[in-house]
>>> print(open('run.cif').read())   # mmCIF, C-alpha atoms (C1' of nucleotides)
data_query
#
loop_
_atom_site.group_PDB
_atom_site.id
_atom_site.type_symbol
_atom_site.label_atom_id
_atom_site.label_comp_id
_atom_site.auth_asym_id
_atom_site.auth_seq_id
_atom_site.Cartn_x
_atom_site.Cartn_y
_atom_site.Cartn_z
ATOM 1 C CA MET R 1 -111.754 63.183 52.007
ATOM 2 C CA HIS R 2 -111.939 59.710 53.489
ATOM 3 C CA VAL R 3 -114.791 57.311 52.945
ATOM 4 C CA SER R 4 -116.105 57.749 56.476
ATOM 5 C CA ASN R 5 -116.043 61.535 56.059
ATOM 6 C CA LEU R 6 -118.065 61.268 52.919
ATOM 7 C CA ALA R 7 -120.581 59.007 54.610
ATOM 8 C CA ARG R 8 -121.048 61.510 57.398
ATOM 9 C CA GLU R 9 -121.385 64.478 55.067
ATOM 10 C CA ILE R 10 -123.932 62.725 52.893
ATOM 11 C CA LYS R 11 -125.984 61.674 55.870
ATOM 12 C CA GLU R 12 -125.873 65.147 57.343
ATOM 13 C CA ARG R 13 -126.916 66.783 54.099
ATOM 14 C CA ARG R 14 -129.740 64.311 53.630
ATOM 15 C CA LYS R 15 -131.102 65.174 57.067
ATOM 16 C CA THR R 16 -130.789 68.867 56.333
ATOM 17 C CA LEU R 17 -132.985 68.310 53.297
ATOM 18 C CA ASP R 18 -135.334 66.336 55.517
ATOM 19 C CA ILE R 19 -135.520 63.182 53.440
ATOM 20 C CA ASN R 20 -135.025 59.620 54.572
ATOM 21 C CA GLN R 21 -132.897 56.872 53.075
ATOM 22 C CA GLN R 22 -135.902 55.389 51.286
ATOM 23 C CA GLN R 23 -136.601 58.680 49.532
ATOM 24 C CA LEU R 24 -132.956 59.184 48.651
ATOM 25 C CA SER R 25 -132.957 55.692 47.199
ATOM 26 C CA GLU R 26 -135.922 56.571 45.000
ATOM 27 C CA LEU R 27 -134.519 59.938 43.932
ATOM 28 C CA THR R 28 -131.156 58.462 42.979
ATOM 29 C CA GLU R 29 -132.492 55.130 41.705
ATOM 30 C CA ILE R 30 -129.816 53.503 43.827
ATOM 31 C CA GLY R 31 -130.818 50.539 45.940
ATOM 32 C CA LEU R 32 -131.770 51.224 49.527
ATOM 33 C CA ARG R 33 -129.321 48.584 50.728
ATOM 34 C CA THR R 34 -126.523 50.468 48.980
ATOM 35 C CA ILE R 35 -127.528 53.770 50.555
ATOM 36 C CA LYS R 36 -127.617 52.153 53.974
ATOM 37 C CA GLY R 37 -124.207 50.590 53.538
ATOM 38 C CA LEU R 38 -122.675 53.792 52.279
ATOM 39 C CA GLU R 39 -124.073 56.062 54.990
ATOM 40 C CA SER R 40 -123.011 53.714 57.724
ATOM 41 C CA GLY R 41 -119.497 53.758 56.296
ATOM 42 C CA LYS R 42 -119.368 50.019 55.845
ATOM 43 C CA THR R 43 -118.651 49.924 52.142
ATOM 44 C CA ASN R 44 -116.296 51.320 49.542
ATOM 45 C CA PRO R 45 -118.725 52.813 47.018
ATOM 46 C CA THR R 46 -117.955 53.395 43.362
ATOM 47 C CA LEU R 47 -117.388 56.927 42.178
ATOM 48 C CA LYS R 48 -120.577 56.755 40.153
ATOM 49 C CA THR R 49 -122.636 55.904 43.224
ATOM 50 C CA VAL R 50 -121.100 58.773 45.157
ATOM 51 C CA VAL R 51 -121.542 61.314 42.371
ATOM 52 C CA THR R 52 -125.140 60.314 41.768
ATOM 53 C CA ILE R 53 -126.033 60.724 45.405
ATOM 54 C CA LEU R 54 -124.183 64.011 45.817
ATOM 55 C CA THR R 55 -125.848 65.414 42.715
ATOM 56 C CA VAL R 56 -129.329 64.648 44.010
ATOM 57 C CA LEU R 57 -128.363 66.240 47.317
ATOM 58 C CA GLY R 58 -127.255 69.400 45.528
ATOM 59 C CA LEU R 59 -123.582 68.749 46.196
ATOM 60 C CA GLU R 60 -120.593 68.068 43.998
ATOM 61 C CA LEU R 61 -117.068 66.738 44.223
ATOM 62 C CA THR R 62 -114.120 68.964 43.474
ATOM 63 C CA ILE R 63 -110.385 68.368 43.436
ATOM 64 C CA LYS R 64 -107.983 70.593 45.342
ATOM 65 C CA THR R 65 -104.308 70.505 46.107
ATOM 66 C CA GLN R 66 -103.682 69.082 49.536
ATOM 67 C CA LYS R 67 -103.336 71.643 52.299
ATOM 68 C CA MET Y 68 -117.108 66.111 38.790
ATOM 69 C CA HIS Y 69 -117.767 63.348 36.266
ATOM 70 C CA VAL Y 70 -115.692 60.229 35.930
ATOM 71 C CA SER Y 71 -114.156 61.389 32.679
ATOM 72 C CA ASN Y 72 -113.238 64.711 34.268
ATOM 73 C CA LEU Y 73 -111.498 62.945 37.078
ATOM 74 C CA ALA Y 74 -109.587 60.764 34.656
ATOM 75 C CA ARG Y 75 -108.344 63.799 32.798
ATOM 76 C CA GLU Y 76 -107.341 65.669 35.930
ATOM 77 C CA ILE Y 77 -105.461 62.726 37.328
ATOM 78 C CA LYS Y 78 -103.614 62.148 34.101
ATOM 79 C CA GLU Y 79 -102.723 65.812 33.805
ATOM 80 C CA ARG Y 80 -101.443 66.008 37.350
ATOM 81 C CA ARG Y 81 -99.402 62.850 36.894
ATOM 82 C CA LYS Y 82 -97.711 64.348 33.853
ATOM 83 C CA THR Y 83 -97.056 67.564 35.732
ATOM 84 C CA LEU Y 84 -95.217 65.528 38.345
ATOM 85 C CA ASP Y 85 -93.397 63.812 35.497
ATOM 86 C CA ILE Y 86 -94.113 60.249 36.483
ATOM 87 C CA ASN Y 87 -95.495 57.480 34.311
ATOM 88 C CA GLN Y 88 -98.359 55.079 34.966
ATOM 89 C CA GLN Y 89 -95.945 52.364 36.052
ATOM 90 C CA GLN Y 90 -94.478 54.615 38.744
ATOM 91 C CA LEU Y 91 -97.911 55.763 39.881
ATOM 92 C CA SER Y 92 -98.902 52.129 40.159
ATOM 93 C CA GLU Y 93 -95.918 51.440 42.405
ATOM 94 C CA LEU Y 94 -96.421 54.538 44.543
ATOM 95 C CA THR Y 95 -100.101 53.803 45.100
ATOM 96 C CA GLU Y 96 -99.767 50.010 45.202
ATOM 97 C CA ILE Y 97 -102.684 49.910 42.786
ATOM 98 C CA GLY Y 98 -102.424 47.602 39.815
ATOM 99 C CA LEU Y 99 -101.132 49.114 36.592
ATOM 100 C CA ARG Y 100 -104.142 47.748 34.728
ATOM 101 C CA THR Y 101 -106.407 49.647 37.090
ATOM 102 C CA ILE Y 102 -104.480 52.890 36.607
ATOM 103 C CA LYS Y 103 -104.636 52.480 32.854
ATOM 104 C CA GLY Y 104 -108.353 51.795 32.891
ATOM 105 C CA LEU Y 105 -109.070 54.734 35.137
ATOM 106 C CA GLU Y 106 -107.000 57.275 33.213
ATOM 107 C CA SER Y 107 -108.508 56.232 29.928
ATOM 108 C CA GLY Y 108 -111.947 56.816 31.446
ATOM 109 C CA LYS Y 109 -113.124 53.321 30.721
ATOM 110 C CA THR Y 110 -114.012 52.248 34.235
ATOM 111 C CA ASN Y 111 -116.019 53.308 37.257
ATOM 112 C CA PRO Y 112 -113.403 53.221 40.028
ATOM 113 C CA THR Y 113 -114.154 52.804 43.700
ATOM 114 C CA LEU Y 114 -113.812 55.815 45.962
ATOM 115 C CA LYS Y 115 -110.882 54.176 47.681
ATOM 116 C CA THR Y 116 -108.979 53.811 44.429
ATOM 117 C CA VAL Y 117 -109.610 57.449 43.558
ATOM 118 C CA VAL Y 118 -108.641 58.777 46.968
ATOM 119 C CA THR Y 119 -105.460 56.704 47.088
ATOM 120 C CA ILE Y 120 -104.323 57.988 43.713
ATOM 121 C CA LEU Y 121 -105.209 61.606 44.438
ATOM 122 C CA THR Y 122 -103.369 61.463 47.754
ATOM 123 C CA VAL Y 123 -100.165 60.240 46.144
ATOM 124 C CA LEU Y 124 -100.519 62.993 43.542
ATOM 125 C CA GLY Y 125 -100.813 65.614 46.283
ATOM 126 C CA LEU Y 126 -104.484 66.200 45.590
ATOM 127 C CA GLU Y 127 -107.660 65.691 47.587
ATOM 128 C CA LEU Y 128 -111.391 65.479 47.106
ATOM 129 C CA THR Y 129 -113.686 68.046 48.641
ATOM 130 C CA ILE Y 130 -117.433 68.473 48.658
ATOM 131 C CA LYS Y 131 -119.064 71.737 47.663
ATOM 132 C CA THR Y 132 -122.597 72.866 47.066
ATOM 133 C CA GLN Y 133 -123.419 72.828 43.380
ATOM 134 C CA LYS Y 134 -122.910 76.110 41.604
ATOM 135 C "C1'" DA W 135 -144.139 53.540 77.834
ATOM 136 C "C1'" DT W 136 -145.106 52.055 73.534
ATOM 137 C "C1'" DA W 137 -146.132 52.111 68.707
ATOM 138 C "C1'" DA W 138 -144.447 53.579 64.278
ATOM 139 C "C1'" DA W 139 -140.835 54.992 61.380
ATOM 140 C "C1'" DA W 140 -136.165 55.011 60.196
ATOM 141 C "C1'" DA W 141 -131.701 53.127 60.183
ATOM 142 C "C1'" DG W 142 -128.412 49.161 60.641
ATOM 143 C "C1'" DG W 143 -126.926 44.842 59.195
ATOM 144 C "C1'" DG W 144 -126.597 39.404 57.973
ATOM 145 C "C1'" DC W 145 -126.998 36.506 53.986
ATOM 146 C "C1'" DG W 146 -127.083 35.049 49.234
ATOM 147 C "C1'" DT W 147 -127.002 36.414 44.314
ATOM 148 C "C1'" DT W 148 -125.602 39.238 40.454
ATOM 149 C "C1'" DA W 149 -122.878 42.740 38.368
ATOM 150 C "C1'" DT W 150 -118.685 44.633 37.905
ATOM 151 C "C1'" DA W 151 -114.091 46.703 39.744
ATOM 152 C "C1'" DA W 152 -109.353 45.204 40.320
ATOM 153 C "C1'" DT W 153 -105.837 42.552 38.555
ATOM 154 C "C1'" DG W 154 -102.182 40.128 35.587
ATOM 155 C "C1'" DC W 155 -100.946 38.789 31.090
ATOM 156 C "C1'" DA W 156 -100.248 39.567 26.465
ATOM 157 C "C1'" DC W 157 -100.320 42.347 22.607
ATOM 158 C "C1'" DG W 158 -101.581 46.416 19.751
ATOM 159 C "C1'" DT W 159 -101.035 51.555 19.257
ATOM 160 C "C1'" DA W 160 -99.037 55.965 20.044
ATOM 161 C "C1'" DT W 161 -95.279 59.027 21.304
ATOM 162 C "C1'" DC W 162 -90.715 60.523 21.145
ATOM 163 C "C1'" DA W 163 -85.784 60.623 20.612
ATOM 164 C "C1'" DA W 164 -81.778 59.367 17.885
ATOM 165 C "C1'" DT L 165 -87.380 55.516 9.884
ATOM 166 C "C1'" DT L 166 -86.433 52.809 13.442
ATOM 167 C "C1'" DG L 167 -86.113 51.482 18.158
ATOM 168 C "C1'" DA L 168 -87.484 52.361 22.832
ATOM 169 C "C1'" DT L 169 -90.772 53.808 26.140
ATOM 170 C "C1'" DA L 170 -95.368 54.777 27.430
ATOM 171 C "C1'" DC L 171 -100.149 54.086 26.940
ATOM 172 C "C1'" DG L 172 -104.530 51.557 25.565
ATOM 173 C "C1'" DT L 173 -107.215 47.343 25.584
ATOM 174 C "C1'" DG L 174 -109.157 42.315 25.117
ATOM 175 C "C1'" DC L 175 -109.531 38.355 27.977
ATOM 176 C "C1'" DA L 176 -109.896 35.449 32.096
ATOM 177 C "C1'" DT L 177 -109.874 35.292 37.099
ATOM 178 C "C1'" DT L 178 -110.643 36.991 41.705
ATOM 179 C "C1'" DA L 179 -112.488 40.255 44.876
ATOM 180 C "C1'" DT L 180 -116.077 42.919 46.138
ATOM 181 C "C1'" DA L 181 -119.850 46.616 45.241
ATOM 182 C "C1'" DA L 182 -124.762 46.674 44.395
ATOM 183 C "C1'" DC L 183 -128.827 44.662 45.475
ATOM 184 C "C1'" DG L 184 -133.156 42.445 47.501
ATOM 185 C "C1'" DC L 185 -135.008 40.060 51.377
ATOM 186 C "C1'" DC L 186 -135.804 40.058 56.036
ATOM 187 C "C1'" DC L 187 -134.956 40.746 60.730
ATOM 188 C "C1'" DT L 188 -132.898 43.671 64.669
ATOM 189 C "C1'" DT L 189 -131.851 48.015 66.695
ATOM 190 C "C1'" DT L 190 -132.431 52.808 67.149
ATOM 191 C "C1'" DT L 191 -134.947 56.986 66.860
ATOM 192 C "C1'" DT L 192 -139.044 59.663 67.032
ATOM 193 C "C1'" DA L 193 -143.751 60.916 68.059
ATOM 194 C "C1'" DT L 194 -147.760 60.365 70.847
#
>>> encode(input="run.cif", output="structure tokens")
Amino acid sequence: MHVSNLAREIKERRKTLDINQQQLSELTEIGLRTIKGLESGKTNPTLKTVVTILTVLGLELTIKTQK
Amino acid sequence: MHVSNLAREIKERRKTLDINQQQLSELTEIGLRTIKGLESGKTNPTLKTVVTILTVLGLELTIKTQK
DNA sequence: ATAAAAAGGGCGTTATAATGCACGTATCAA
DNA sequence: TTGATACGTGCATTATAACGCCCTTTTTAT
């Protein structure tokens, strides 16, 4: 899982749930500017930011052994 | 996956591979102080830091739908 | 085509992760 | 128990994530 992958997956999931960045910002209580930066793959978010967003989107991180 | 969970899993895996924090620091080129902070669960690491460490440990992050 | 909504991004500020250094604490072997 | 090795942590500095503001670009609906 690279940062750009994560950005794409989050964006995709958000669209599937039919919410916009503004709404995701409100649901997560994470600044809109942060959401924008993350989804466009321009930043290196903290784990907390990622987990909070994934949780609201009904997703979660797991650890696996590399294939 | 919470931050404290991640810390525990990383530490456990490192011990399984029988390397110490100093060696993990060298292998990942991440500062020893950062490794220490992360494993003791006292910090909120960036995604990049987490991914770099997991990769060296032969692990990877994946996204799943919440159970 | 065009208006509205959504997304992208520059800039400056604030909060905090990453880091090295130094030292305390814990673990383990002899 | 003592010495060595590994781990935890306070502090100060540097780098950068998070953030709001505001404008541009892209997408979507009519």
>>> resolve_selection(input="run.cif", expression="the PyMOL selection byres ((chain R) within 7 of (chain Y))", output="list in words")
Met1, Asn44, Pro45, Thr46, Leu47, Lys48, Gly58, Leu59, Glu60, Leu61, Thr62, Ile63, Lys64, Thr65 and Gln66 of chain R
>>> interface_residues(input="run.cif", of="chain L", to="chain Y", cutoff="9 Å", atoms="only C-alpha atoms (C1' of nucleotides)", output="list in words")
DA170, DC171, DG172, DT173 and DA181 of chain L
>>> write_last_selection(input="run.cif", atoms="C-alpha atoms (C1' of nucleotides)", output="PDB file, keeping the file's coordinate frame")
ATOM      1  C1'  DA L 170     -95.368  54.777  27.430  1.00  0.00           C
ATOM      2  C1'  DC L 171    -100.149  54.086  26.940  1.00  0.00           C
ATOM      3  C1'  DG L 172    -104.530  51.557  25.565  1.00  0.00           C
ATOM      4  C1'  DT L 173    -107.215  47.343  25.584  1.00  0.00           C
ATOM      5  C1'  DA L 181    -119.850  46.616  45.241  1.00  0.00           C
TER       6       DA L 181
END
>>> resolve_selection(input="run.cif", expression="the PyMOL selection byres ((chain W) within 10 of (chain R))", output="ChimeraX atom specification")
/W:140-143,151
>>> atom_distance(input="run.cif", atom1="C1' of DC175 (chain L)", atom2="CA of Gly108 (chain Y)")
18.9 Å
>>> resolve_selection(input="run.cif", expression="the PyMOL selection byres ((chain L and resi 183) around 8)", output="PyMOL selection string")
(chain R and resi 31+33-34) or (chain L and resi 182+184)
>>> calpha_fit_and_write(input="run.cif", fixed="chain R", moving="chain Y", output="compact mmCIF listing (two decimals) with C-alpha atoms, in the coordinates of the input")
# COMPACT_ATOMS: atom_id res chain seq x y z
CA MET Y 68 -111.75 63.18 52.04
CA HIS Y 69 -111.96 59.69 53.54
CA VAL Y 70 -114.80 57.29 52.97
CA SER Y 71 -116.10 57.73 56.49
CA ASN Y 72 -116.04 61.50 56.07
CA LEU Y 73 -118.07 61.24 52.93
CA ALA Y 74 -120.59 59.00 54.63
CA ARG Y 75 -121.05 61.51 57.40
CA GLU Y 76 -121.39 64.47 55.07
CA ILE Y 77 -123.93 62.72 52.91
CA LYS Y 78 -125.99 61.67 55.87
CA GLU Y 79 -125.89 65.15 57.34
CA ARG Y 80 -126.92 66.79 54.10
CA ARG Y 81 -129.75 64.31 53.64
CA LYS Y 82 -131.10 65.16 57.07
CA THR Y 83 -130.80 68.86 56.33
CA LEU Y 84 -133.01 68.32 53.30
CA ASP Y 85 -135.33 66.34 55.54
CA ILE Y 86 -135.55 63.21 53.45
CA ASN Y 87 -135.05 59.64 54.58
CA GLN Y 88 -132.90 56.90 53.07
CA GLN Y 89 -135.91 55.41 51.30
CA GLN Y 90 -136.61 58.70 49.52
CA LEU Y 91 -132.95 59.19 48.65
CA SER Y 92 -132.95 55.70 47.19
CA GLU Y 93 -135.92 56.57 44.98
CA LEU Y 94 -134.52 59.94 43.91
CA THR Y 95 -131.15 58.47 42.98
CA GLU Y 96 -132.47 55.13 41.70
CA ILE Y 97 -129.79 53.50 43.83
CA GLY Y 98 -130.78 50.53 45.93
CA LEU Y 99 -131.75 51.24 49.52
CA ARG Y 100 -129.30 48.61 50.72
CA THR Y 101 -126.51 50.48 48.97
CA ILE Y 102 -127.52 53.79 50.54
CA LYS Y 103 -127.64 52.20 53.96
CA GLY Y 104 -124.24 50.60 53.54
CA LEU Y 105 -122.67 53.79 52.30
CA GLU Y 106 -124.07 56.05 55.02
CA SER Y 107 -123.03 53.66 57.74
CA GLY Y 108 -119.50 53.76 56.32
CA LYS Y 109 -119.33 50.04 55.86
CA THR Y 110 -118.61 49.93 52.15
CA ASN Y 111 -116.27 51.32 49.52
CA PRO Y 112 -118.70 52.81 46.99
CA THR Y 113 -117.94 53.38 43.34
CA LEU Y 114 -117.37 56.93 42.16
CA LYS Y 115 -120.56 56.76 40.15
CA THR Y 116 -122.62 55.91 43.21
CA VAL Y 117 -121.08 58.78 45.15
CA VAL Y 118 -121.52 61.32 42.38
CA THR Y 119 -125.13 60.31 41.76
CA ILE Y 120 -126.02 60.72 45.41
CA LEU Y 121 -124.18 64.01 45.82
CA THR Y 122 -125.85 65.41 42.72
CA VAL Y 123 -129.33 64.64 44.01
CA LEU Y 124 -128.36 66.24 47.33
CA GLY Y 125 -127.27 69.41 45.54
CA LEU Y 126 -123.60 68.75 46.21
CA GLU Y 127 -120.60 68.08 44.01
CA LEU Y 128 -117.08 66.74 44.23
CA THR Y 129 -114.13 68.95 43.47
CA ILE Y 130 -110.40 68.35 43.41
CA LYS Y 131 -108.00 70.58 45.31
CA THR Y 132 -104.33 70.48 46.07
CA GLN Y 133 -103.70 69.07 49.51
CA LYS Y 134 -103.38 71.63 52.25
>>> residues_near_point(input="run.cif", point="(-145.9, 55.5, 68.9)", cutoff="6 Å", atoms="only C-alpha atoms (C1' of nucleotides)", output="list of chain:residue names")
W:DT136, W:DA137, W:DA138, L:DA193, L:DT194
>>> residues_around(input="run.cif", residues="DT178 (chain L)", least_positions_apart="2", cutoff="12 Å", atoms="only C-alpha atoms (C1' of nucleotides)", output="list in words")
DT150, DA151, DA152, DT153 and DG154 of chain W; DA176 and DT180 of chain L
>>> atom_distance(input="run.cif", atom1="C1' of DG158 (chain W)", atom2="CA of Lys78 (chain Y)")
21.4 Å
>>> atom_distance(input="run.cif", atom1="C1' of DA139 (chain W)", atom2="C1' of DT188 (chain L)")
14.2 Å
>>> residues_around(input="run.cif", residues="Gln90 (chain Y)", least_positions_apart="4", cutoff="12 Å", atoms="all atoms listed in the file", output="JSON, numbers by chain")
{"Y": [81, 82, 84, 85, 86, 94, 95, 96, 97, 98, 99, 102, 103, 120, 123, 124], "L": [170]}
>>> write_last_selection(input="run.cif", atoms="C-alpha atoms (C1' of nucleotides)", output="CSV table (one decimal), keeping the file's coordinate frame")
chain,number,residue,atom,x,y,z
Y,81,ARG,CA,-99.4,62.8,36.9
Y,82,LYS,CA,-97.7,64.3,33.9
Y,84,LEU,CA,-95.2,65.5,38.3
Y,85,ASP,CA,-93.4,63.8,35.5
Y,86,ILE,CA,-94.1,60.2,36.5
Y,94,LEU,CA,-96.4,54.5,44.5
Y,95,THR,CA,-100.1,53.8,45.1
Y,96,GLU,CA,-99.8,50.0,45.2
Y,97,ILE,CA,-102.7,49.9,42.8
Y,98,GLY,CA,-102.4,47.6,39.8
Y,99,LEU,CA,-101.1,49.1,36.6
Y,102,ILE,CA,-104.5,52.9,36.6
Y,103,LYS,CA,-104.6,52.5,32.9
Y,120,ILE,CA,-104.3,58.0,43.7
Y,123,VAL,CA,-100.2,60.2,46.1
Y,124,LEU,CA,-100.5,63.0,43.5
L,170,DA,C1',-95.4,54.8,27.4
>>> decode(input="run.cif", residues="region 28-38 of chain R", atoms="all heavy atoms", output="CSV table (one decimal), in the first residue's frame")
chain,number,residue,atom,x,y,z
R,28,THR,N,-15.6,13.5,9.5
R,28,THR,CA,-14.4,13.1,10.1
R,28,THR,C,-13.9,14.1,11.1
R,28,THR,O,-13.0,13.8,11.9
R,28,THR,CB,-13.3,12.8,9.1
R,28,THR,OG1,-13.1,14.0,8.3
R,28,THR,CG2,-13.6,11.6,8.2
R,29,GLU,N,-14.4,15.3,10.9
R,29,GLU,CA,-13.9,16.5,11.7
R,29,GLU,C,-12.4,16.7,11.4
R,29,GLU,O,-11.6,17.2,12.2
R,29,GLU,CB,-14.1,16.3,13.2
R,29,GLU,CG,-15.5,16.3,13.6
R,29,GLU,CD,-15.7,16.1,15.1
R,29,GLU,OE1,-15.1,15.3,15.7
R,29,GLU,OE2,-16.6,16.8,15.6
R,30,ILE,N,-12.1,16.4,10.1
R,30,ILE,CA,-10.7,16.7,9.6
R,30,ILE,C,-10.9,17.8,8.6
R,30,ILE,O,-11.8,17.8,7.8
R,30,ILE,CB,-10.1,15.5,8.9
R,30,ILE,CG1,-9.8,14.4,10.0
R,30,ILE,CG2,-8.9,15.8,8.1
R,30,ILE,CD1,-9.4,13.1,9.4
R,31,GLY,N,-10.0,18.8,8.6
R,31,GLY,CA,-10.1,20.0,7.8
R,31,GLY,C,-10.2,19.6,6.3
R,31,GLY,O,-9.6,18.7,5.8
R,32,LEU,N,-11.0,20.4,5.6
R,32,LEU,CA,-11.3,20.1,4.2
R,32,LEU,C,-9.9,20.2,3.4
R,32,LEU,O,-9.7,19.4,2.5
R,32,LEU,CB,-12.2,21.2,3.6
R,32,LEU,CG,-12.5,21.1,2.1
R,32,LEU,CD1,-13.1,19.7,1.7
R,32,LEU,CD2,-13.5,22.2,1.7
R,33,ARG,N,-9.1,21.2,3.8
R,33,ARG,CA,-7.8,21.3,3.1
R,33,ARG,C,-7.0,20.0,3.2
R,33,ARG,O,-6.2,19.6,2.2
R,33,ARG,CB,-7.0,22.5,3.6
R,33,ARG,CG,-5.8,22.9,2.8
R,33,ARG,CD,-6.3,23.4,1.4
R,33,ARG,NE,-5.2,23.6,0.6
R,33,ARG,CZ,-4.5,22.7,-0.1
R,33,ARG,NH1,-4.8,21.4,0.1
R,33,ARG,NH2,-3.5,23.0,-0.9
R,34,THR,N,-7.1,19.4,4.3
R,34,THR,CA,-6.3,18.1,4.6
R,34,THR,C,-6.9,17.0,3.7
R,34,THR,O,-6.1,16.2,3.1
R,34,THR,CB,-6.4,17.7,6.0
R,34,THR,OG1,-5.8,18.8,6.8
R,34,THR,CG2,-5.7,16.4,6.3
R,35,ILE,N,-8.2,16.9,3.6
R,35,ILE,CA,-8.9,15.9,2.8
R,35,ILE,C,-8.5,16.1,1.3
R,35,ILE,O,-8.1,15.1,0.6
R,35,ILE,CB,-10.4,16.0,2.9
R,35,ILE,CG1,-10.9,15.9,4.3
R,35,ILE,CG2,-11.1,15.0,2.0
R,35,ILE,CD1,-11.1,14.6,4.9
R,36,LYS,N,-8.5,17.3,0.9
R,36,LYS,CA,-8.1,17.6,-0.5
R,36,LYS,C,-6.7,17.2,-0.8
R,36,LYS,O,-6.4,16.6,-1.8
R,36,LYS,CB,-8.3,19.1,-0.8
R,36,LYS,CG,-9.7,19.6,-0.9
R,36,LYS,CD,-9.7,21.2,-1.0
R,36,LYS,CE,-11.1,21.7,-1.1
R,36,LYS,NZ,-11.9,21.3,-2.3
R,37,GLY,N,-5.8,17.6,0.1
R,37,GLY,CA,-4.4,17.2,-0.1
R,37,GLY,C,-4.2,15.7,-0.1
R,37,GLY,O,-3.4,15.2,-0.9
R,38,LEU,N,-4.8,15.0,0.8
R,38,LEU,CA,-4.7,13.6,0.9
R,38,LEU,C,-5.2,12.9,-0.4
R,38,LEU,O,-4.5,12.1,-1.0
R,38,LEU,CB,-5.4,13.1,2.1
R,38,LEU,CG,-5.1,11.6,2.5
R,38,LEU,CD1,-5.5,11.4,4.0
R,38,LEU,CD2,-5.9,10.6,1.7
